[in-house]
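Dropping target19.txt in here (compact mmCIF, C-alpha atoms):
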```txt
# COMPACT_ATOMS: atom_id res chain seq x y z
CA MET A 851 53.93 14.38 23.57
CA LYS A 852 57.25 13.45 25.23
CA PHE A 853 59.90 15.92 24.13
CA GLY A 854 63.42 14.68 23.56
CA ASN A 855 64.98 17.02 26.11
CA SER A 856 64.04 19.87 28.38
CA ILE A 857 64.87 22.55 25.77
CA CYS A 858 62.60 23.24 22.80
CA ILE A 859 63.95 25.12 19.78
CA LEU A 860 61.70 27.17 17.53
CA ASN A 861 63.17 27.82 14.08
CA VAL A 862 61.17 30.64 12.50
CA GLY A 863 62.40 31.57 9.05
CA GLY A 864 65.98 30.58 9.95
CA THR A 865 66.06 32.39 13.31
CA LYS A 866 66.22 30.08 16.31
CA TYR A 867 64.64 30.60 19.72
CA ALA A 868 65.26 28.24 22.64
CA PHE A 869 62.72 27.83 25.44
CA PRO A 870 62.42 25.48 28.42
CA ARG A 871 59.81 22.80 28.01
CA ASP A 872 57.68 24.19 30.85
CA VAL A 873 57.50 27.60 29.15
CA ILE A 874 56.01 26.07 26.00
CA LYS A 875 52.98 24.85 27.93
CA ASP A 876 51.76 28.32 28.92
CA PHE A 877 53.28 30.27 26.03
CA PRO A 878 51.21 33.37 25.10
CA LEU A 879 51.15 32.41 21.41
CA ARG A 880 48.44 29.80 20.85
CA ARG A 881 50.22 27.96 18.04
CA VAL A 882 53.33 27.50 20.18
CA SER A 883 51.41 26.42 23.28
CA ARG A 884 49.53 23.82 21.22
CA LEU A 885 52.82 21.96 20.71
CA HIS A 886 52.73 20.84 24.33
CA SER A 887 49.39 19.07 23.90
CA CYS A 888 50.41 17.16 20.73
CA ALA A 889 50.33 13.40 21.36
CA SER A 890 52.16 12.27 18.23
CA GLU A 891 54.53 13.53 15.59
CA LYS A 892 51.63 13.71 13.15
CA GLU A 893 49.86 16.20 15.38
CA VAL A 894 53.10 18.18 15.72
CA LEU A 895 53.35 18.50 11.94
CA GLU A 896 49.83 19.90 11.89
CA VAL A 897 51.07 22.77 14.02
CA CYS A 898 54.50 23.39 12.50
CA ASP A 899 56.07 22.78 9.07
CA ASP A 900 58.77 20.30 10.15
CA TYR A 901 60.17 18.66 13.27
CA ASP A 902 63.61 17.32 14.19
CA ARG A 903 63.21 14.80 17.01
CA GLU A 904 66.94 14.49 17.74
CA ARG A 905 67.45 18.21 18.36
CA ASN A 906 63.84 18.77 19.48
CA GLU A 907 63.60 21.58 16.92
CA PHE A 908 60.34 22.85 15.43
CA PHE A 909 60.50 24.54 12.03
CA PHE A 910 58.09 27.31 10.98
CA ASP A 911 58.32 28.67 7.45
CA ARG A 912 57.16 32.15 8.41
CA HIS A 913 58.39 35.75 8.29
CA SER A 914 61.30 35.97 10.75
CA GLU A 915 61.23 39.76 11.20
CA ALA A 916 57.50 39.74 11.93
CA PHE A 917 58.06 37.07 14.56
CA VAL A 918 60.66 39.33 16.21
CA PHE A 919 57.97 41.98 16.76
CA ILE A 920 55.54 39.32 17.95
CA MET A 921 58.13 38.16 20.49
CA LEU A 922 58.50 41.76 21.62
CA TYR A 923 54.77 41.68 22.30
CA VAL A 924 55.25 38.53 24.38
CA LYS A 925 57.88 40.32 26.48
CA SER A 926 56.45 43.84 26.73
CA GLY A 927 52.74 43.40 26.03
CA LYS A 928 52.71 45.94 23.17
CA LEU A 929 52.22 44.86 19.57
CA ARG A 930 52.95 47.21 16.68
CA PHE A 931 53.46 46.80 12.95
CA VAL A 932 56.84 46.03 11.44
CA PRO A 933 58.20 49.13 9.64
CA GLN A 934 58.18 48.85 5.85
CA MET A 935 55.96 45.76 6.01
CA CYS A 936 52.44 45.53 4.61
CA GLU A 937 49.81 45.68 7.37
CA LEU A 938 47.87 42.82 5.78
CA SER A 939 50.94 40.59 5.65
CA PHE A 940 51.72 41.27 9.31
CA TYR A 941 48.09 40.60 10.23
CA ASN A 942 48.34 37.27 8.42
CA GLU A 943 51.37 36.44 10.59
CA MET A 944 49.42 37.45 13.71
CA ILE A 945 46.54 35.15 12.84
CA TYR A 946 48.95 32.30 12.16
CA TRP A 947 50.53 32.59 15.62
CA GLY A 948 47.16 32.93 17.34
CA LEU A 949 46.92 36.67 17.91
CA GLU A 950 43.91 38.84 17.19
CA SER A 951 43.56 42.38 15.90
CA SER A 952 42.58 43.48 19.41
CA HIS A 953 46.13 42.75 20.58
CA LEU A 954 47.43 45.58 18.40
CA GLU A 955 47.90 49.06 19.78
CA PHE A 956 44.95 51.33 19.01
CA CYS A 957 46.81 53.33 16.37
CA CYS A 958 47.79 50.13 14.58
CA GLN A 959 44.24 48.82 14.77
CA ARG A 960 43.04 51.91 12.94
CA ARG A 961 45.76 51.45 10.33
CA LEU A 962 44.71 47.84 9.82
CA ASP A 963 41.00 48.65 9.49
CA ASP A 964 41.73 51.48 7.07
CA ARG A 965 44.01 49.26 5.01
CA MET A 966 41.42 46.49 4.84
CA SER A 967 38.59 48.84 3.97
CA ASP A 968 40.65 50.52 1.24
CA THR A 969 41.63 47.25 -0.43
CA TYR A 970 38.40 45.30 0.32
CA THR A 971 40.55 42.43 1.58
CA TYR A 972 38.94 39.42 3.20
CA PHE A 973 41.09 36.48 4.25
CA SER A 974 39.89 33.09 3.09
CA GLU A 975 39.00 30.30 5.47
CA GLU A 976 41.90 28.18 4.22
CA ASP A 977 44.50 30.83 5.01
CA ILE A 978 43.46 31.80 8.54
CA LYS A 979 41.23 30.74 11.38
CA THR A 980 38.60 33.05 12.66
CA GLU A 981 39.20 34.71 15.98
CA GLN A 982 36.40 32.73 17.57
CA GLU A 983 37.92 29.44 16.42
CA LEU A 984 41.25 30.48 17.90
CA ARG A 985 39.57 31.17 21.21
CA ASP A 986 37.96 27.73 21.13
CA ASP A 987 41.31 26.05 20.39
CA ASP A 988 42.89 27.96 23.23
CA ASP A 989 40.15 26.88 25.63
CA LEU A 990 40.70 23.24 24.68
CA ASP A 991 44.48 23.33 24.87
CA ASN A 992 44.82 25.57 27.92
CA PRO A 993 41.71 25.22 30.08
CA THR A 994 43.23 27.35 32.86
CA ALA A 995 44.76 30.05 30.66
CA THR A 996 41.74 32.29 30.23
CA GLY A 997 40.38 32.34 33.77
CA SER A 998 37.57 30.66 35.65
CA GLY A 999 34.45 29.18 34.15
CA SER A 1000 32.30 32.03 35.46
CA ALA A 1001 34.51 34.60 33.73
CA LYS A 1002 34.19 32.71 30.45
CA TRP A 1003 30.44 32.53 30.89
CA LEU A 1004 30.17 36.27 31.55
CA GLU A 1005 32.32 37.03 28.50
CA ARG A 1006 30.16 34.79 26.34
CA MET A 1007 27.03 36.49 27.65
CA ARG A 1008 28.53 39.93 27.04
CA ARG A 1009 29.34 39.08 23.43
CA THR A 1010 25.86 37.64 22.95
CA PHE A 1011 24.13 40.83 24.08
CA GLU A 1012 26.62 43.41 22.78
CA GLU A 1013 27.70 41.87 19.45
CA PRO A 1014 24.68 40.67 17.44
CA THR A 1015 26.85 38.90 14.82
CA SER A 1016 29.11 37.07 17.28
CA SER A 1017 27.07 33.84 17.48
CA VAL A 1018 23.83 32.17 16.48
CA ALA A 1019 22.34 32.90 19.91
CA ALA A 1020 23.25 36.57 19.51
CA GLN A 1021 21.54 36.65 16.11
CA ILE A 1022 18.37 35.15 17.56
CA LEU A 1023 18.44 37.57 20.51
CA ALA A 1024 18.93 40.53 18.16
CA SER A 1025 16.03 39.39 15.98
CA VAL A 1026 13.71 39.15 18.98
CA SER A 1027 14.81 42.61 20.13
CA VAL A 1028 14.07 44.07 16.69
CA ILE A 1029 10.60 42.48 16.74
CA PHE A 1030 9.84 44.07 20.10
CA VAL A 1031 11.09 47.46 18.89
CA ILE A 1032 8.87 47.30 15.80
CA MET A 1033 5.90 46.15 17.88
CA SER A 1034 6.37 49.00 20.34
CA MET A 1035 6.70 51.56 17.54
CA VAL A 1036 3.50 50.30 15.86
CA ILE A 1037 1.57 50.69 19.10
CA LEU A 1038 3.05 54.14 19.71
CA CYS A 1039 2.11 55.33 16.21
CA ALA A 1040 -1.35 53.77 16.39
CA SER A 1041 -2.02 55.50 19.72
CA THR A 1042 -2.03 58.87 17.92
CA LEU A 1043 -4.82 57.85 15.53
CA PRO A 1044 -8.28 59.44 16.11
CA ASP A 1045 -10.00 56.04 16.48
CA TRP A 1046 -7.41 54.68 18.94
CA ASP A 1047 -9.37 55.59 22.08
CA THR A 1048 -12.42 53.67 20.90
CA ALA A 1049 -10.36 50.64 19.95
CA LYS A 1050 -8.47 50.79 23.21
CA ASN A 1051 -11.66 50.83 25.28
CA ASN A 1052 -12.74 47.63 23.54
CA SER A 1053 -9.42 45.82 24.11
CA ALA A 1054 -7.70 47.78 26.87
CA GLU A 1055 -6.39 44.69 28.63
CA GLU A 1056 -4.63 43.38 25.50
CA HIS A 1057 -2.97 46.72 24.84
CA ARG A 1058 -1.70 46.96 28.41
CA ILE A 1059 -0.31 43.44 28.23
CA ILE A 1060 1.54 44.09 24.95
CA GLU A 1061 2.99 47.33 26.31
CA ALA A 1062 4.07 45.66 29.56
CA VAL A 1063 5.70 42.77 27.70
CA CYS A 1064 7.68 45.14 25.47
CA ILE A 1065 8.82 47.24 28.40
CA GLY A 1066 9.69 44.11 30.37
CA TRP A 1067 11.85 42.78 27.54
CA PHE A 1068 13.77 46.05 27.14
CA THR A 1069 14.22 46.34 30.91
CA ALA A 1070 15.52 42.79 31.26
CA GLU A 1071 17.85 43.26 28.29
CA CYS A 1072 19.25 46.49 29.74
CA ILE A 1073 19.78 44.93 33.20
CA VAL A 1074 21.55 41.85 31.81
CA ARG A 1075 23.81 43.96 29.60
CA PHE A 1076 24.71 46.08 32.62
CA ILE A 1077 25.51 43.01 34.75
CA VAL A 1078 27.76 41.35 32.18
CA SER A 1079 29.51 44.56 31.05
CA ARG A 1080 33.23 44.83 31.70
CA ASP A 1081 33.20 48.46 32.84
CA LYS A 1082 30.01 49.60 34.56
CA CYS A 1083 30.92 53.31 34.39
CA GLU A 1084 31.68 53.08 30.67
CA PHE A 1085 28.39 51.26 30.14
CA VAL A 1086 26.44 54.08 31.78
CA ARG A 1087 28.21 56.73 29.70
CA ARG A 1088 27.44 55.14 26.32
CA PRO A 1089 24.88 57.14 24.30
CA LEU A 1090 22.85 54.09 23.25
CA ASN A 1091 22.49 52.96 26.85
CA ILE A 1092 21.39 56.44 27.92
CA ILE A 1093 18.76 56.34 25.17
CA ASP A 1094 17.57 52.95 26.43
CA LEU A 1095 17.12 54.39 29.90
CA LEU A 1096 15.25 57.45 28.61
CA ALA A 1097 12.94 55.23 26.56
CA ILE A 1098 12.13 52.85 29.42
CA THR A 1099 11.70 55.42 32.21
CA PRO A 1100 8.38 57.02 31.04
CA TYR A 1101 6.45 53.78 31.44
CA TYR A 1102 7.56 53.29 35.04
CA VAL A 1103 6.97 56.98 35.81
CA SER A 1104 3.37 56.72 34.63
CA VAL A 1105 2.86 53.50 36.61
CA VAL A 1106 4.31 55.03 39.80
CA MET A 1107 2.23 58.19 39.46
CA THR A 1108 -0.89 56.12 38.90
CA VAL A 1109 -0.21 54.06 42.02
CA LEU A 1110 0.62 57.08 44.18
CA THR A 1111 -2.29 59.29 43.08
CA GLY A 1112 -4.82 56.52 42.58
CA GLU A 1113 -6.10 58.17 39.42
CA ASN A 1114 -7.02 56.58 36.17
CA PRO A 1115 -4.02 55.92 33.88
CA GLN A 1116 -5.83 57.69 31.04
CA LEU A 1117 -6.00 60.87 33.08
CA GLN A 1118 -2.38 60.58 34.05
CA ARG A 1119 -1.25 60.28 30.45
CA ALA A 1120 -3.24 63.37 29.56
CA GLY A 1121 -0.66 65.46 31.41
CA VAL A 1122 1.76 67.34 29.21
CA THR A 1123 4.83 66.02 31.04
CA LEU A 1124 3.82 62.39 30.78
CA ARG A 1125 2.85 62.77 27.16
CA VAL A 1126 6.30 64.15 26.40
CA LEU A 1127 7.94 61.32 28.32
CA ARG A 1128 5.76 58.77 26.59
CA MET A 1129 6.69 60.12 23.18
CA MET A 1130 10.36 59.65 24.08
CA ARG A 1131 9.83 55.97 23.39
CA ILE A 1132 10.40 56.85 19.76
CA PHE A 1133 14.11 56.78 20.67
CA TRP A 1134 13.83 52.99 20.71
CA LEU A 1135 14.33 53.17 16.98
CA ILE A 1136 17.93 54.16 17.70
CA LYS A 1137 18.34 50.73 19.33
CA LEU A 1138 18.28 49.36 15.81
CA ALA A 1139 21.77 50.83 15.36
CA ARG A 1140 23.09 47.76 17.19
CA HIS A 1141 21.70 45.52 14.46
CA PHE A 1142 21.95 47.50 11.21
CA LEU A 1143 25.16 48.51 9.51
CA GLY A 1144 23.69 51.64 7.94
CA LEU A 1145 22.77 53.26 11.25
CA GLN A 1146 26.15 52.35 12.70
CA THR A 1147 27.85 53.96 9.71
CA LEU A 1148 25.81 57.13 10.17
CA GLY A 1149 26.68 57.38 13.86
CA LEU A 1150 30.38 56.74 13.29
CA THR A 1151 30.46 59.29 10.45
CA LEU A 1152 28.87 61.99 12.61
CA LYS A 1153 31.32 61.20 15.40
CA ARG A 1154 34.36 61.53 13.16
CA CYS A 1155 33.09 64.51 11.15
CA TYR A 1156 31.97 66.77 13.96
CA ARG A 1157 34.46 69.44 12.83
CA GLU A 1158 33.00 69.43 9.32
CA MET A 1159 29.48 69.53 10.78
CA VAL A 1160 30.39 72.55 12.91
CA MET A 1161 31.95 74.21 9.86
CA LEU A 1162 28.74 73.58 7.89
CA LEU A 1163 26.68 75.08 10.71
CA VAL A 1164 28.92 78.18 10.82
CA PHE A 1165 28.57 78.65 7.05
CA VAL A 1166 24.78 78.48 7.27
CA CYS A 1167 24.57 80.81 10.27
CA VAL A 1168 26.79 83.47 8.70
CA ALA A 1169 24.87 83.35 5.41
CA MET A 1170 21.57 83.41 7.28
CA ALA A 1171 22.56 86.55 9.20
CA ILE A 1172 23.68 88.38 6.05
CA PHE A 1173 20.80 87.45 3.74
CA SER A 1174 18.07 87.86 6.38
CA ALA A 1175 19.24 91.40 7.17
CA LEU A 1176 19.33 92.33 3.47
CA ALA A 1177 15.96 90.68 2.78
CA GLN A 1178 14.31 92.56 5.65
CA LEU A 1179 15.75 95.82 4.38
CA LEU A 1180 14.76 95.34 0.73
CA GLU A 1181 11.28 93.91 1.36
CA HIS A 1182 10.18 95.92 4.38
CA GLY A 1183 12.61 98.63 5.37
CA LEU A 1184 12.91 100.77 2.22
CA ASP A 1185 9.29 101.25 1.22
CA LEU A 1186 7.06 101.34 4.29
CA GLU A 1187 3.85 101.95 2.31
CA ALA A 1188 4.22 98.85 0.07
CA SER A 1189 6.23 96.73 2.50
CA ASN A 1190 6.09 92.94 2.61
CA GLU A 1191 4.79 92.04 6.06
CA ASP A 1192 6.30 88.56 5.83
CA TYR A 1193 9.71 90.20 6.22
CA ALA A 1194 8.74 92.49 9.10
CA SER A 1195 11.76 91.39 11.18
CA ILE A 1196 15.16 89.78 10.69
CA PRO A 1197 14.16 86.60 12.63
CA ALA A 1198 11.16 86.21 10.31
CA ALA A 1199 13.42 86.62 7.28
CA CYS A 1200 15.78 83.94 8.67
CA TRP A 1201 13.12 81.30 7.99
CA TRP A 1202 12.95 82.38 4.34
CA VAL A 1203 16.76 82.29 4.08
CA ILE A 1204 17.13 78.77 5.45
CA ILE A 1205 14.43 77.25 3.20
CA SER A 1206 15.92 79.08 0.22
CA MET A 1207 19.53 78.02 0.89
CA THR A 1208 18.46 74.39 1.24
CA THR A 1209 16.36 74.75 -1.98
CA VAL A 1210 13.21 73.61 -0.17
CA GLY A 1211 11.04 76.62 -0.90
CA TYR A 1212 7.72 76.00 0.86
CA GLY A 1213 6.18 79.07 -0.81
CA ASP A 1214 4.71 80.43 2.44
CA MET A 1215 6.78 83.62 2.05
CA TYR A 1216 8.61 85.05 -0.93
CA PRO A 1217 10.00 88.43 -2.09
CA ILE A 1218 7.79 90.68 -4.20
CA THR A 1219 10.23 93.46 -5.09
CA MET A 1220 12.77 93.20 -7.88
CA PRO A 1221 15.81 93.71 -5.58
CA GLY A 1222 14.37 91.11 -3.21
CA ARG A 1223 14.00 88.56 -6.00
CA VAL A 1224 17.57 89.17 -7.15
CA LEU A 1225 18.70 88.65 -3.55
CA GLY A 1226 16.66 85.44 -3.44
CA GLY A 1227 18.47 84.07 -6.49
CA VAL A 1228 21.85 84.93 -4.99
CA CYS A 1229 20.76 83.30 -1.71
CA VAL A 1230 19.80 80.03 -3.46
CA VAL A 1231 23.06 79.82 -5.43
CA SER A 1232 25.12 80.67 -2.35
CA GLY A 1233 23.35 77.99 -0.35
CA ILE A 1234 24.14 75.33 -2.95
CA VAL A 1235 27.84 76.28 -2.95
CA LEU A 1236 28.21 76.62 0.83
CA LEU A 1237 26.47 73.31 1.55
CA ALA A 1238 28.48 71.47 -1.09
CA LEU A 1239 31.90 72.46 0.27
CA PRO A 1240 31.96 70.44 3.55
CA ILE A 1241 29.65 67.73 2.19
CA THR A 1242 32.57 66.33 0.16
CA PHE A 1243 34.60 65.62 3.30
CA ILE A 1244 31.59 64.09 5.05
CA TYR A 1245 30.89 61.86 2.05
CA HIS A 1246 34.43 60.47 1.94
CA SER A 1247 34.33 59.84 5.69
CA PHE A 1248 31.00 58.05 5.30
CA VAL A 1249 32.42 55.75 2.62
CA GLN A 1250 35.46 54.97 4.76
CA CYS A 1251 33.34 54.27 7.85
CA TYR A 1252 31.04 52.04 5.82
CA HIS A 1253 33.87 49.88 4.49
CA GLU A 1254 35.47 49.71 7.94
CA LEU A 1255 32.26 48.54 9.64
CA ARG A 1256 31.51 46.25 6.72
CA PHE A 1257 34.82 44.49 7.19
CA ARG A 1258 34.31 44.13 10.93
CA SER A 1259 30.86 42.70 10.28
CA ALA A 1260 32.28 40.24 7.75
CA ARG A 1261 34.91 39.16 10.25
CA CYS A 1262 32.18 38.41 12.81
CA THR A 1263 30.05 36.69 10.16
CA ARG A 1264 32.85 34.22 9.45
CA SER A 1265 32.86 33.39 13.14
CA LEU A 1266 29.07 33.01 13.09
CA SER A 1267 29.21 30.69 10.07
CA ALA A 1268 31.83 28.50 11.74
CA GLU A 1269 29.71 28.22 14.89
CA PHE A 1270 26.60 27.37 12.87
CA LEU A 1271 28.39 24.64 10.92
CA ASN A 1272 29.89 23.19 14.07
```
Using structure tokens, write down the structure from this file.
Amino acid sequence: MKFGNSICILNVGGTKYAFPRDVIKDFPLRRVSRLHSCASEKEVLEVCDDYDRERNEFFFDRHSEAFVFIMLYVKSGKLRFVPQMCELSFYNEMIYWGLESSHLEFCCQRRLDDRMSDTYTYFSEEDIKTEQELRDDDDLDNPTATGSGSAKWLERMRRTFEEPTSSVAAQILASVSVIFVIMSMVILCASTLPDWDTAKNNSAEEHRIIEAVCIGWFTAECIVRFIVSRDKCEFVRRPLNIIDLLAITPYYVSVVMTVLTGENPQLQRAGVTLRVLRMMRIFWLIKLARHFLGLQTLGLTLKRCYREMVMLLVFVCVAMAIFSALAQLLEHGLDLEASNEDYASIPAACWWVIISMTTVGYGDMYPITMPGRVLGGVCVVSGIVLLALPITFIYHSFVQCYHELRFRSARCTRSLSAEFLN
């Protein structure tokens, strides 16, 4: 669109900002930069609320103070919340101007996620655009603003492999990965059955092919994710990626040893070391954490509640030391003639203490003296109380992590639904 003069005026909530026409074209805020590509006044009014052609002034009926902080982000590159302003209201302003939650400083991102999870707030499609739609608009309006085509392709590939809910292709890829994980786990569990060797002799070639295909899929997936990752060192340090490597390695170790020694693969797998490595494939189940919200919630809860977990462990260890020493004394140390051999040592009594405190009670060992039974009752009650104290904090953290991840998943689902409809 041909602007009236070389100066463009943005009127946001009564506060005016003047910019040269060339600055509007590459302006960091997507909504403002879209003004340059408007071909008619009708398209201009789709971007702003009103337009004065004579003064070349664009009117936006938005929060003026929030826009001041957004302009500070344009100048300094740091975006923080407006003091005394609701986080959700400021986020609504961010979405309107074309910013995403990732532009916020980390502390503000946590505040936003906590606020959304506490209030169960989900913005409607009519109020805001999804972040993916904003990226698409930006690519159309500013084809050179986000880098080369190869960089865009790598970013799209990274999101496809790392974020299962980011697109339809990512959903399909995640579903295929889950199928291979389940298939591999079924074969691993079936290999421990007594009749497996007979069945494997009858169809050895099919079993080898299925195992090779599963390993090949996981290897290719891991290599591609490494290639398209932003930070290679950070990728290697991630726990899930380390688990992937530990799960894939045993297969190649057994193949290499078979080739080098020239022995039968069945004899190679009979070795204790290889059997341990082979059983490490059970860690593939942890790969499902990328695709299921429950496992992600569990991992995030353990990460944030490590202090409470350590406190719980200290409580159990202290109680175990006290009750095991008393149990050994009452059941074995006082009366040597009628002693209970199950409590011959403090380490042996520790097993009884831990199953009593957790109210499991296998029944494999139990006190036979009256003082020992009284101690057992005290041990059970103490275990219930000690375990309940830190569990409350862990429970609240679990609920908070669940709502936080649920909101993030819903935000990605809106993007997935938009892509599917388009």
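Nearest to Trp947 in chain A of all the residues A:Val897, A:Leu929, A:Ile1136, A:Leu1180 is A:Val897, counting all atoms listed in the file.
The residue that comes closest to Met921 in chain A, out of A:Tyr1212, A:Phe877, A:Tyr1193, A:Phe1085 and on the basis of only C-alpha atoms, is A:Phe877.
Nearest to Phe1248 in chain A of all the residues A:Leu1150, A:Leu954, A:Ile1029, A:Leu949 is A:Leu1150, counting only C-alpha atoms.
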Quiz item: Expressed in Å to a single decimal, how great is the separation between CA of Thr1069 in chain A and CA of Val1086 in chain A?
Solution: 14.5 Å
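For the choices A:Glu1191, A:Ser1206, A:Asp1094, A:Met1129, the atom-to-atom distance to Thr1042 in chain A is smallest for A:Met1129 when using all atoms listed in the file.
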Completion step: range 1009-1022 of chain A with N, CA, C and O atoms as an mmCIF file, in the coordinates of the input:
```
data_model
loop_
_atom_site.group_PDB
_atom_site.id
_atom_site.type_symbol
_atom_site.label_atom_id
_atom_site.label_comp_id
_atom_site.auth_asym_id
_atom_site.auth_seq_id
_atom_site.Cartn_x
_atom_site.Cartn_y
_atom_site.Cartn_z
ATOM 1 N N ARG A 1009 29.260 39.090 24.887
ATOM 2 C CA ARG A 1009 29.340 39.080 23.430
ATOM 3 C C ARG A 1009 27.967 38.792 22.818
ATOM 4 O O ARG A 1009 27.627 39.324 21.763
ATOM 5 N N THR A 1010 27.178 37.966 23.474
ATOM 6 C CA THR A 1010 25.860 37.640 22.950
ATOM 7 C C THR A 1010 24.947 38.859 22.931
ATOM 8 O O THR A 1010 24.198 39.081 21.977
ATOM 9 N N PHE A 1011 25.014 39.676 23.985
ATOM 10 C CA PHE A 1011 24.130 40.830 24.080
ATOM 11 C C PHE A 1011 24.695 42.062 23.384
ATOM 12 O O PHE A 1011 23.925 42.894 22.909
ATOM 13 N N GLU A 1012 26.019 42.201 23.325
ATOM 14 C CA GLU A 1012 26.620 43.410 22.780
ATOM 15 C C GLU A 1012 26.993 43.285 21.305
ATOM 16 O O GLU A 1012 27.065 44.297 20.599
ATOM 17 N N GLU A 1013 27.244 42.067 20.818
ATOM 18 C CA GLU A 1013 27.700 41.870 19.450
ATOM 19 C C GLU A 1013 26.710 40.936 18.734
ATOM 20 O O GLU A 1013 26.826 39.714 18.840
ATOM 21 N N PRO A 1014 25.742 41.488 18.032
ATOM 22 C CA PRO A 1014 24.680 40.670 17.440
ATOM 23 C C PRO A 1014 25.173 39.634 16.426
ATOM 24 O O PRO A 1014 24.469 38.661 16.163
ATOM 25 N N THR A 1015 26.341 39.837 15.830
ATOM 26 C CA THR A 1015 26.850 38.900 14.820
ATOM 27 C C THR A 1015 27.900 37.950 15.379
ATOM 28 O O THR A 1015 28.575 37.269 14.621
ATOM 29 N N SER A 1016 28.041 37.882 16.707
ATOM 30 C CA SER A 1016 29.110 37.070 17.280
ATOM 31 C C SER A 1016 28.745 35.590 17.364
ATOM 32 O O SER A 1016 29.635 34.744 17.428
ATOM 33 N N SER A 1017 27.469 35.241 17.363
ATOM 34 C CA SER A 1017 27.070 33.840 17.480
ATOM 35 C C SER A 1017 25.636 33.691 16.992
ATOM 36 O O SER A 1017 24.932 34.680 16.740
ATOM 37 N N VAL A 1018 25.212 32.442 16.883
ATOM 38 C CA VAL A 1018 23.830 32.170 16.480
ATOM 39 C C VAL A 1018 22.857 32.660 17.536
ATOM 40 O O VAL A 1018 21.810 33.245 17.233
ATOM 41 N N ALA A 1019 23.199 32.432 18.816
ATOM 42 C CA ALA A 1019 22.340 32.900 19.910
ATOM 43 C C ALA A 1019 22.209 34.419 19.883
ATOM 44 O O ALA A 1019 21.125 34.971 20.134
ATOM 45 N N ALA A 1020 23.298 35.115 19.579
ATOM 46 C CA ALA A 1020 23.250 36.570 19.510
ATOM 47 C C ALA A 1020 22.367 37.034 18.358
ATOM 48 O O ALA A 1020 21.637 38.032 18.483
ATOM 49 N N GLN A 1021 22.404 36.314 17.238
ATOM 50 C CA GLN A 1021 21.540 36.650 16.110
ATOM 51 C C GLN A 1021 20.070 36.481 16.473
ATOM 52 O O GLN A 1021 19.226 37.315 16.130
ATOM 53 N N ILE A 1022 19.757 35.394 17.152
ATOM 54 C CA ILE A 1022 18.370 35.150 17.560
ATOM 55 C C ILE A 1022 17.913 36.222 18.544
ATOM 56 O O ILE A 1022 16.805 36.770 18.441
#
```
